[in-house]
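J.: Mind looking over this structure? Questions follow.
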Amino acid sequence: MIDLVDGGFGYTPGHWVFRRHALAVRPGEATAILGPNGRGKTTLLKCLLGLLPLREGRLTADGHAGYVPQSSGAAFPYSVLDMVMMGRARHIGLFAAPGADDRAACRNALAKLKMSAFADRGFQDLSGGERQLVLIARALASECGTLVLDEPAAALDYRNQNVVLATIAALARDHGMAVIFTTHAPQHALHVADRTLLMFDAEDHVYGPTRDVMSEANLSRLYGMTIRGATIADRGRETHTMVPVFDAV
Amino acid sequence: MNHAVNRAIAPPRLLWPALGGTLLIAMLIAISIGRYAVPFDRVVGILLANLIPFDGAWTTLEATVVENIRAPRVLMAVLVGAGLAVAGAALQGTFRNPLVGPQIIGVSSGASFGGALAIVFTDSNLALVALAFLFGLGAMVIVYAMSRVAGRSPVMMLVLAGVITSAFFTALVSLLKYVADPEDKLPAIVFWLMGSFAAASYEKLAWLAVPLVGSILILYLMRWHINVLSLGDEEASAMGLKVGRTRWIVILCVAAISAAVVAAAGVVGWVGLVVPHLARMVVGPDHKTLLPAAALMGGIYLLAMDVGARTLTPAEIPLGILTAIIGAPVFAWLLRRTQAAGWGRD
Amino acid sequence: MAHSHLRTRPTALLAGALCAAFATAASAEPISVTDQRGNTVELGGPAERVVTFPMPAAALFASVDGSAERLEAIHPMSAKAIEDGILGTIYPEAGDLYTDITKGGVFNPNVETVLTLNPDLVFQWAGRGDDLLAPLDNAGLNVLGLTYGDQEKTEVWIRTIAAVVGEPERGDMIVSLHHDAMADITARVADIPEADRVSVVYMLRAEKSLEVRGEGSYNHFYMDMVGGVNPAKDAGSRVRVNPEQMLAWNPDVILLGNFDAAVPEDFYTNPLFAELDAVKERRVYKVPLGGYRWDPPSQESPLMWKWLAAVLYPDAMPDDIRGEIASFYAAVYGYDVSDAEIDAILQMDLNGGNAGYDRFAG
């Protein structure tokens, strides 16, 4: 669970990246955050994680949040299991090394994501999608109630996007986690998120149930170009999506 | 995709016996050779007689050479080699940079200044050790203070602060050289700065062991957290690691090792830079195996150099010169070999 | 020289004769000297205001001249060396000499300071970089460059100084003392069979590190000349060694130099050296310190050679060293050296307990 009330942050005095923002994510729910490049989505995430201090407002969180970056900044090549194990840092004392409990937590996390077979492979050798799942497993291994993901499906091909989105949804619905993620793709929000936050500019934002918030008008305003909605029927199911209409060339 | 990586995942099983065995053999060889010839069987006898007392066919002089001249020196070379290598490995992991060695934090320059100060103004060995240690750690405090930005110490600021502090103390050493008596004090400073184990003794070993073994132990205990540090500050923080505190403990240990080494033996460089790379080539970057491997390899490496320093010619070749002359080309070769593989995100 | 008008009386005549004597002695006869760089310096007469940079030059100059009066300024380290030794007593005026012509442990001249002293002659090191000489040359000063090292060069120094003070016979006298001593010792030592030769090591430093001298050094020259065998001969002119190497060489005699504070006791009490022959026989000697350290080349070098020969081969050299010192000091310094002073020169307090040293006792 994460609750942000009247949240404001800026890197330099007098300047705000965002202000008077609010969002609330309960266990079992997923929230998406959308905004154009450079709007400050990642900054907001860092505030939610506690990596940056809020200048205004209040953040309430139920325990720590597990962080899944877009990619890992690891300077060395580690195995998948080693990478997942790093998520246990909170639970391992400064002068201690991972123990049986920690290893069990890692294997559970990998199993949850059906990645057990990859445990001894080199992290760098995996595909983009597989690596993303490992990073999610790493966050899960930390025994967090909330998952915060930074553009989890951004650099992936469609098939991998499919897998990752399904995973996120399952973690929220089936495992009762509170999930927050940023994305550039409105379809991801529509597909997975219960609520969505649109960051128009520092003070101006909209937050609410995804269906209500993700209107053509709102999205067009957000991205500064024409976004139109479309409904697609496929295998007895209707999928609603939003697509950009590029200028005529 | 970097295929060199897979080798890094599991070091060979025979690694530890191989490294440990090599170190022991190296130590045995080292204690058997020197400018004063002692036959190998007598060396073995003299050593064994420490465990099971018996009278053997060796002279008191030979026993003195083996037990009082060579033994403490061999032990010191191994201890210092291990310490510097572990310090370098831990530092490279913490700073996520293959070009850092213990010199980067300014401690060895500060310690050099402290020692030179003692040489010029006192005649006391105790003063030399004390001032070297004092100024070494003092340099680290200066680096700490200089690197603080809004309550944190970003890596870039740390490195810059280290470079500036080093330059400052180096200049002060030059000043001391200028005012030193050219017949007596100046050569003493110059020799001391070039590094040597010629004055090794059990006494020195005793006080050297405390900061060295202590720091090596602490760094080893922190091995897993150094791995986490290598993710980068932000990611590591998000994992729950207290990045600032962890990094400073590493730096403190490295400083203790550096200052103690300079106090005991002058400036011995390049070991902390080269050996971690060699170790990483063999066992990979996981500090769980890297730190012990670096310790063993560092001991062997410096021991070999010191044997060269004391046996190749009647004159003592300053150790710091050997480590630099051999270390620099080896380092260049290593960098080409690995092509900084596996490093990359910064 | 000013002419004084005197009334014609006997004392006036005497005064006039004395003036004339002074006038001829200090007459403006030009002196031409070539230094060890090959440069020639022309002086109008004997040098009156001399500045010395090289460390041994001040003591040597005073010794050859017989006083420190012509010296205007000397190297700060020279001043210290003079104070520490007996020359401070023999030439007390040396203690007040100006020393701010250079700083610390270097020889780089502060040219403007030197110019304010208005010297007519400056001595400086040659062969140690042009930075030492060029500024002085360019300032238009008379500069004599000195190169350091062996007996020949030292004799050149002595003669050069004697020439510039207008007393070449002093130079001849001192150099002949050197030559006579060398001839005498060499002859007597020649008869000592190879098997009886004594091995000796000179330690430039023995306190914080161990440094010895081999071939190419002045110390090796005289150790060899007096019939000693230097095991460090081929190690290099000046090398640092470790204790093991000392044990390997195992010299019969060890000489401790005056460049650090090492004393024979350090060796006698050090367990590492307990097995050395020199330690067992109590033949570790601190080199004497007279008008200058006896280790490097100086005006007193003949005394060093005689002392060393007596230490190495007591039977072949039965000389009365104390008597030698006394007569040398009288001849060169015109000084009547006391027994207590001789004890200090021979470092009796440090060497007293050593083998064969009782013959040096007063």
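Following the order of the structure tokens, first chain is A, next is B, and so on, with residues numbered from 1 inside each chain and ligands from 1 in the order they appear.
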Among the residues of range 127-228 of chain B, find those DSSP assigns to helix (DSSP H, G or I) from the backbone and print them as a ChimeraX atom specification.

T.: /B:127-147,155-179,185-193,202-221,223-228

J.: Within 12 Å of Leu312 in chain B, counting only C-alpha atoms, which residues show up once you throw out same-chain ones fewer than 4 positions away? Write them as a list in words, please.

T.: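 In the requested format, the answer is Ile33, Gly34, Arg35, Ala304, Met305, Asp306, Val307, Gly308, Glu316, Ile317, Pro318 and Leu322 of chain B; Ala235, Val241 and Gln245 of chain C.
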
J.: Hey, what's within 12 Å of Ala172 in chain A if we count only C-alpha atoms and toss same-chain stuff fewer than 4 positions away? As a short mmCIF file (atom, residue, chain, number, x, y, z; two decimals) with N, CA and C atoms, in the first residue's frame, please?

T.:
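As a result, out_31.cif now contains:
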data_model
loop_
_atom_site.label_atom_id
_atom_site.label_comp_id
_atom_site.auth_asym_id
_atom_site.auth_seq_id
_atom_site.Cartn_x
_atom_site.Cartn_y
_atom_site.Cartn_z
N MET A 1 0.85 -1.19 0.00
CA MET A 1 0.00 0.00 0.00
C MET A 1 0.89 1.24 0.00
N VAL A 25 -2.55 3.55 -3.77
CA VAL A 25 -2.56 2.22 -4.37
C VAL A 25 -2.73 1.19 -3.26
N ARG A 26 -3.81 0.42 -3.34
CA ARG A 26 -4.07 -0.60 -2.33
C ARG A 26 -3.54 -1.94 -2.79
N PRO A 27 -3.35 -2.87 -1.85
CA PRO A 27 -2.96 -4.22 -2.25
C PRO A 27 -3.96 -4.80 -3.23
N GLY A 28 -3.46 -5.43 -4.24
CA GLY A 28 -4.34 -6.02 -5.24
C GLY A 28 -4.66 -5.07 -6.37
N GLU A 29 -4.20 -3.85 -6.28
CA GLU A 29 -4.47 -2.87 -7.33
C GLU A 29 -3.22 -2.52 -8.08
N ALA A 30 -3.42 -2.04 -9.32
CA ALA A 30 -2.28 -1.55 -10.10
C ALA A 30 -2.58 -0.14 -10.56
N THR A 31 -1.58 0.72 -10.46
CA THR A 31 -1.72 2.10 -10.92
C THR A 31 -0.66 2.38 -11.97
N GLY A 145 5.50 -5.47 -0.08
CA GLY A 145 4.07 -5.54 -0.37
C GLY A 145 3.73 -4.73 -1.60
N THR A 146 4.62 -3.79 -1.93
CA THR A 146 4.38 -2.90 -3.05
C THR A 146 5.48 -3.06 -4.08
N LEU A 147 5.10 -3.03 -5.34
CA LEU A 147 6.07 -3.16 -6.42
C LEU A 147 6.06 -1.87 -7.23
N VAL A 148 7.23 -1.29 -7.44
CA VAL A 148 7.33 -0.06 -8.24
C VAL A 148 8.19 -0.35 -9.46
N LEU A 165 3.52 -7.88 -18.89
CA LEU A 165 2.25 -7.31 -18.46
C LEU A 165 1.42 -8.34 -17.73
N ALA A 166 1.41 -9.55 -18.27
CA ALA A 166 0.64 -10.61 -17.61
C ALA A 166 1.18 -10.86 -16.22
N THR A 167 2.48 -10.83 -16.10
CA THR A 167 3.11 -11.05 -14.80
C THR A 167 2.69 -9.98 -13.81
N ILE A 168 2.76 -8.72 -14.26
CA ILE A 168 2.40 -7.62 -13.36
C ILE A 168 0.96 -7.77 -12.90
N GLY A 176 -1.93 -10.27 -4.53
CA GLY A 176 -2.30 -9.19 -3.63
C GLY A 176 -1.27 -8.09 -3.45
N MET A 177 -0.44 -7.87 -4.46
CA MET A 177 0.53 -6.79 -4.30
C MET A 177 -0.06 -5.47 -4.78
N ALA A 178 0.49 -4.38 -4.24
CA ALA A 178 0.15 -3.06 -4.78
C ALA A 178 1.20 -2.75 -5.82
N VAL A 179 0.75 -2.44 -7.04
CA VAL A 179 1.70 -2.26 -8.14
C VAL A 179 1.60 -0.86 -8.72
N ILE A 180 2.73 -0.21 -8.90
CA ILE A 180 2.77 1.10 -9.57
C ILE A 180 3.77 0.99 -10.71
N PHE A 181 3.40 1.48 -11.88
CA PHE A 181 4.39 1.45 -12.95
C PHE A 181 4.22 2.66 -13.86
N VAL A 192 -3.79 -3.18 -17.84
CA VAL A 192 -3.41 -3.71 -16.54
C VAL A 192 -3.87 -2.85 -15.36
N ALA A 193 -3.88 -1.51 -15.56
CA ALA A 193 -4.02 -0.63 -14.40
C ALA A 193 -5.47 -0.38 -14.02
N ASP A 194 -5.71 -0.40 -12.70
CA ASP A 194 -7.03 -0.03 -12.20
C ASP A 194 -7.21 1.47 -12.22
#

J.: Please identify all residues of chain B having at least one atom at most 10 Å from any atom of chain C, considering only C-alpha atoms, and return them as a ChimeraX atom specification.

T.: /B:34-37,59-62,64-70,119,123-125,176-186,188,191-192,197-199,310-311,313-318

J.: Based on only C-alpha atoms, which of the residues in chain A come within 9 Å of chain B? I want them as a ChimeraX atom specification.

T.: /A:46,49-51,64-69,72-79,82-83,86-98,120-122,124-126,138-139,142

J.: Could the residues in this selection be written to a file with N, CA and C atoms, as a short mmCIF file (atom, residue, chain, number, x, y, z; two decimals), in the first residue's frame?

T.:
data_model
loop_
_atom_site.label_atom_id
_atom_site.label_comp_id
_atom_site.auth_asym_id
_atom_site.auth_seq_id
_atom_site.Cartn_x
_atom_site.Cartn_y
_atom_site.Cartn_z
N LYS A 46 10.88 7.79 -7.81
CA LYS A 46 11.95 7.82 -6.81
C LYS A 46 11.43 8.37 -5.49
N LEU A 49 9.56 5.72 -3.77
CA LEU A 49 10.46 4.72 -3.21
C LEU A 49 11.22 5.23 -2.00
N GLY A 50 11.17 6.53 -1.81
CA GLY A 50 11.93 7.09 -0.71
C GLY A 50 13.37 7.41 -1.07
N LEU A 51 13.69 7.32 -2.36
CA LEU A 51 15.06 7.64 -2.78
C LEU A 51 15.28 9.15 -2.83
N HIS A 64 8.41 -1.43 2.94
CA HIS A 64 9.20 -0.89 1.84
C HIS A 64 8.62 -1.34 0.52
N ALA A 65 8.99 -0.65 -0.54
CA ALA A 65 8.55 -1.02 -1.88
C ALA A 65 9.69 -1.68 -2.63
N GLY A 66 9.36 -2.65 -3.44
CA GLY A 66 10.37 -3.30 -4.25
C GLY A 66 10.53 -2.56 -5.56
N TYR A 67 11.76 -2.29 -5.94
CA TYR A 67 12.02 -1.45 -7.11
C TYR A 67 12.46 -2.30 -8.30
N VAL A 68 11.84 -2.05 -9.45
CA VAL A 68 12.26 -2.74 -10.67
C VAL A 68 12.65 -1.67 -11.69
N PRO A 69 13.93 -1.41 -11.86
CA PRO A 69 14.35 -0.39 -12.83
C PRO A 69 14.17 -0.91 -14.25
N SER A 72 19.30 -3.04 -15.31
CA SER A 72 20.18 -3.01 -14.15
C SER A 72 21.49 -2.31 -14.50
N GLY A 73 21.96 -1.48 -13.53
CA GLY A 73 23.23 -0.79 -13.74
C GLY A 73 24.43 -1.60 -13.26
N ALA A 74 24.25 -2.89 -13.12
CA ALA A 74 25.33 -3.71 -12.55
C ALA A 74 26.63 -3.54 -13.33
N ALA A 75 27.72 -3.31 -12.61
CA ALA A 75 29.01 -3.10 -13.26
C ALA A 75 29.68 -4.41 -13.62
N PHE A 76 29.24 -5.50 -13.02
CA PHE A 76 29.88 -6.80 -13.28
C PHE A 76 28.84 -7.82 -13.75
N PRO A 77 29.28 -8.85 -14.40
CA PRO A 77 28.36 -9.93 -14.79
C PRO A 77 28.06 -10.86 -13.62
N TYR A 78 26.81 -10.97 -13.22
CA TYR A 78 26.43 -11.88 -12.14
C TYR A 78 25.48 -12.95 -12.67
N SER A 79 25.31 -14.00 -11.88
CA SER A 79 24.35 -15.02 -12.27
C SER A 79 22.95 -14.51 -11.91
N ASP A 82 22.36 -14.71 -8.21
CA ASP A 82 23.09 -13.65 -7.52
C ASP A 82 22.34 -12.33 -7.65
N MET A 83 21.81 -12.06 -8.84
CA MET A 83 21.10 -10.82 -9.08
C MET A 83 19.85 -10.75 -8.23
N MET A 86 20.38 -9.97 -4.57
CA MET A 86 20.66 -8.60 -4.17
C MET A 86 19.42 -7.94 -3.60
N GLY A 87 18.26 -8.43 -3.99
CA GLY A 87 17.04 -7.88 -3.44
C GLY A 87 16.92 -8.14 -1.94
N ARG A 88 17.70 -9.07 -1.43
CA ARG A 88 17.60 -9.42 -0.01
C ARG A 88 18.44 -8.50 0.86
N ALA A 89 19.00 -7.44 0.28
CA ALA A 89 19.94 -6.60 1.02
C ALA A 89 19.36 -6.09 2.34
N ARG A 90 18.04 -5.83 2.35
CA ARG A 90 17.44 -5.34 3.59
C ARG A 90 17.53 -6.36 4.70
N HIS A 91 17.55 -7.62 4.33
CA HIS A 91 17.45 -8.67 5.33
C HIS A 91 18.80 -9.22 5.75
N ILE A 92 19.86 -8.78 5.11
CA ILE A 92 21.18 -9.33 5.40
C ILE A 92 22.02 -8.27 6.09
N GLY A 93 22.53 -8.62 7.27
CA GLY A 93 23.34 -7.67 8.04
C GLY A 93 24.61 -7.28 7.30
N LEU A 94 25.17 -6.13 7.70
CA LEU A 94 26.32 -5.59 6.98
C LEU A 94 27.49 -6.56 6.92
N PHE A 95 27.68 -7.31 7.99
CA PHE A 95 28.84 -8.22 8.00
C PHE A 95 28.43 -9.66 7.80
N ALA A 96 27.24 -9.85 7.25
CA ALA A 96 26.77 -11.21 7.04
C ALA A 96 26.69 -11.51 5.56
N ALA A 97 26.48 -12.77 5.25
CA ALA A 97 26.32 -13.20 3.86
C ALA A 97 24.97 -13.92 3.75
N PRO A 98 24.45 -14.05 2.54
CA PRO A 98 23.14 -14.70 2.37
C PRO A 98 23.11 -16.09 3.00
N ASP A 120 20.95 -20.45 -12.63
CA ASP A 120 22.41 -20.45 -12.73
C ASP A 120 22.94 -19.85 -14.01
N ARG A 121 22.05 -19.30 -14.83
CA ARG A 121 22.51 -18.67 -16.07
C ARG A 121 23.09 -17.30 -15.75
N GLY A 122 23.91 -16.79 -16.67
CA GLY A 122 24.44 -15.46 -16.50
C GLY A 122 23.37 -14.43 -16.82
N GLN A 124 23.59 -11.39 -17.86
CA GLN A 124 23.79 -10.65 -19.10
C GLN A 124 23.46 -11.49 -20.33
N ASP A 125 23.38 -12.82 -20.15
CA ASP A 125 23.16 -13.68 -21.31
C ASP A 125 21.68 -13.79 -21.67
N LEU A 126 20.82 -13.27 -20.79
CA LEU A 126 19.39 -13.44 -21.03
C LEU A 126 18.85 -12.41 -22.02
N ARG A 138 13.80 -10.11 -8.33
CA ARG A 138 14.67 -9.49 -7.34
C ARG A 138 13.87 -8.62 -6.38
N ALA A 139 12.94 -7.85 -6.94
CA ALA A 139 12.10 -7.02 -6.09
C ALA A 139 11.23 -7.88 -5.19
N SER A 142 12.66 -9.34 -1.98
CA SER A 142 12.84 -8.48 -0.81
C SER A 142 11.64 -8.52 0.12
#

J.: DSSP on the backbone, then: every residue of range 100-227 of chain A marked strand (DSSP E), written as a list of chain:residue names.

T.: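 Everything in range 100-227 of chain A that counts as strand (DSSP E) is A:Thr146, A:Leu147, A:Val148, A:Leu149, A:Ala178, A:Val179, A:Ile180, A:Phe181, A:Thr182, A:Thr183, A:Arg195, A:Thr196, A:Leu197, A:Leu198, A:Met199, A:His205, A:Val206, A:Tyr207, A:Gly208, A:Pro209, A:Ile227.
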
J.: What gap, in Å, lies between CA of Phe123 in chain C and CA of Pro56 in chain C?

T.: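 Pair CA of Phe123 in chain C / CA of Pro56 in chain C returns 10.8 Å.
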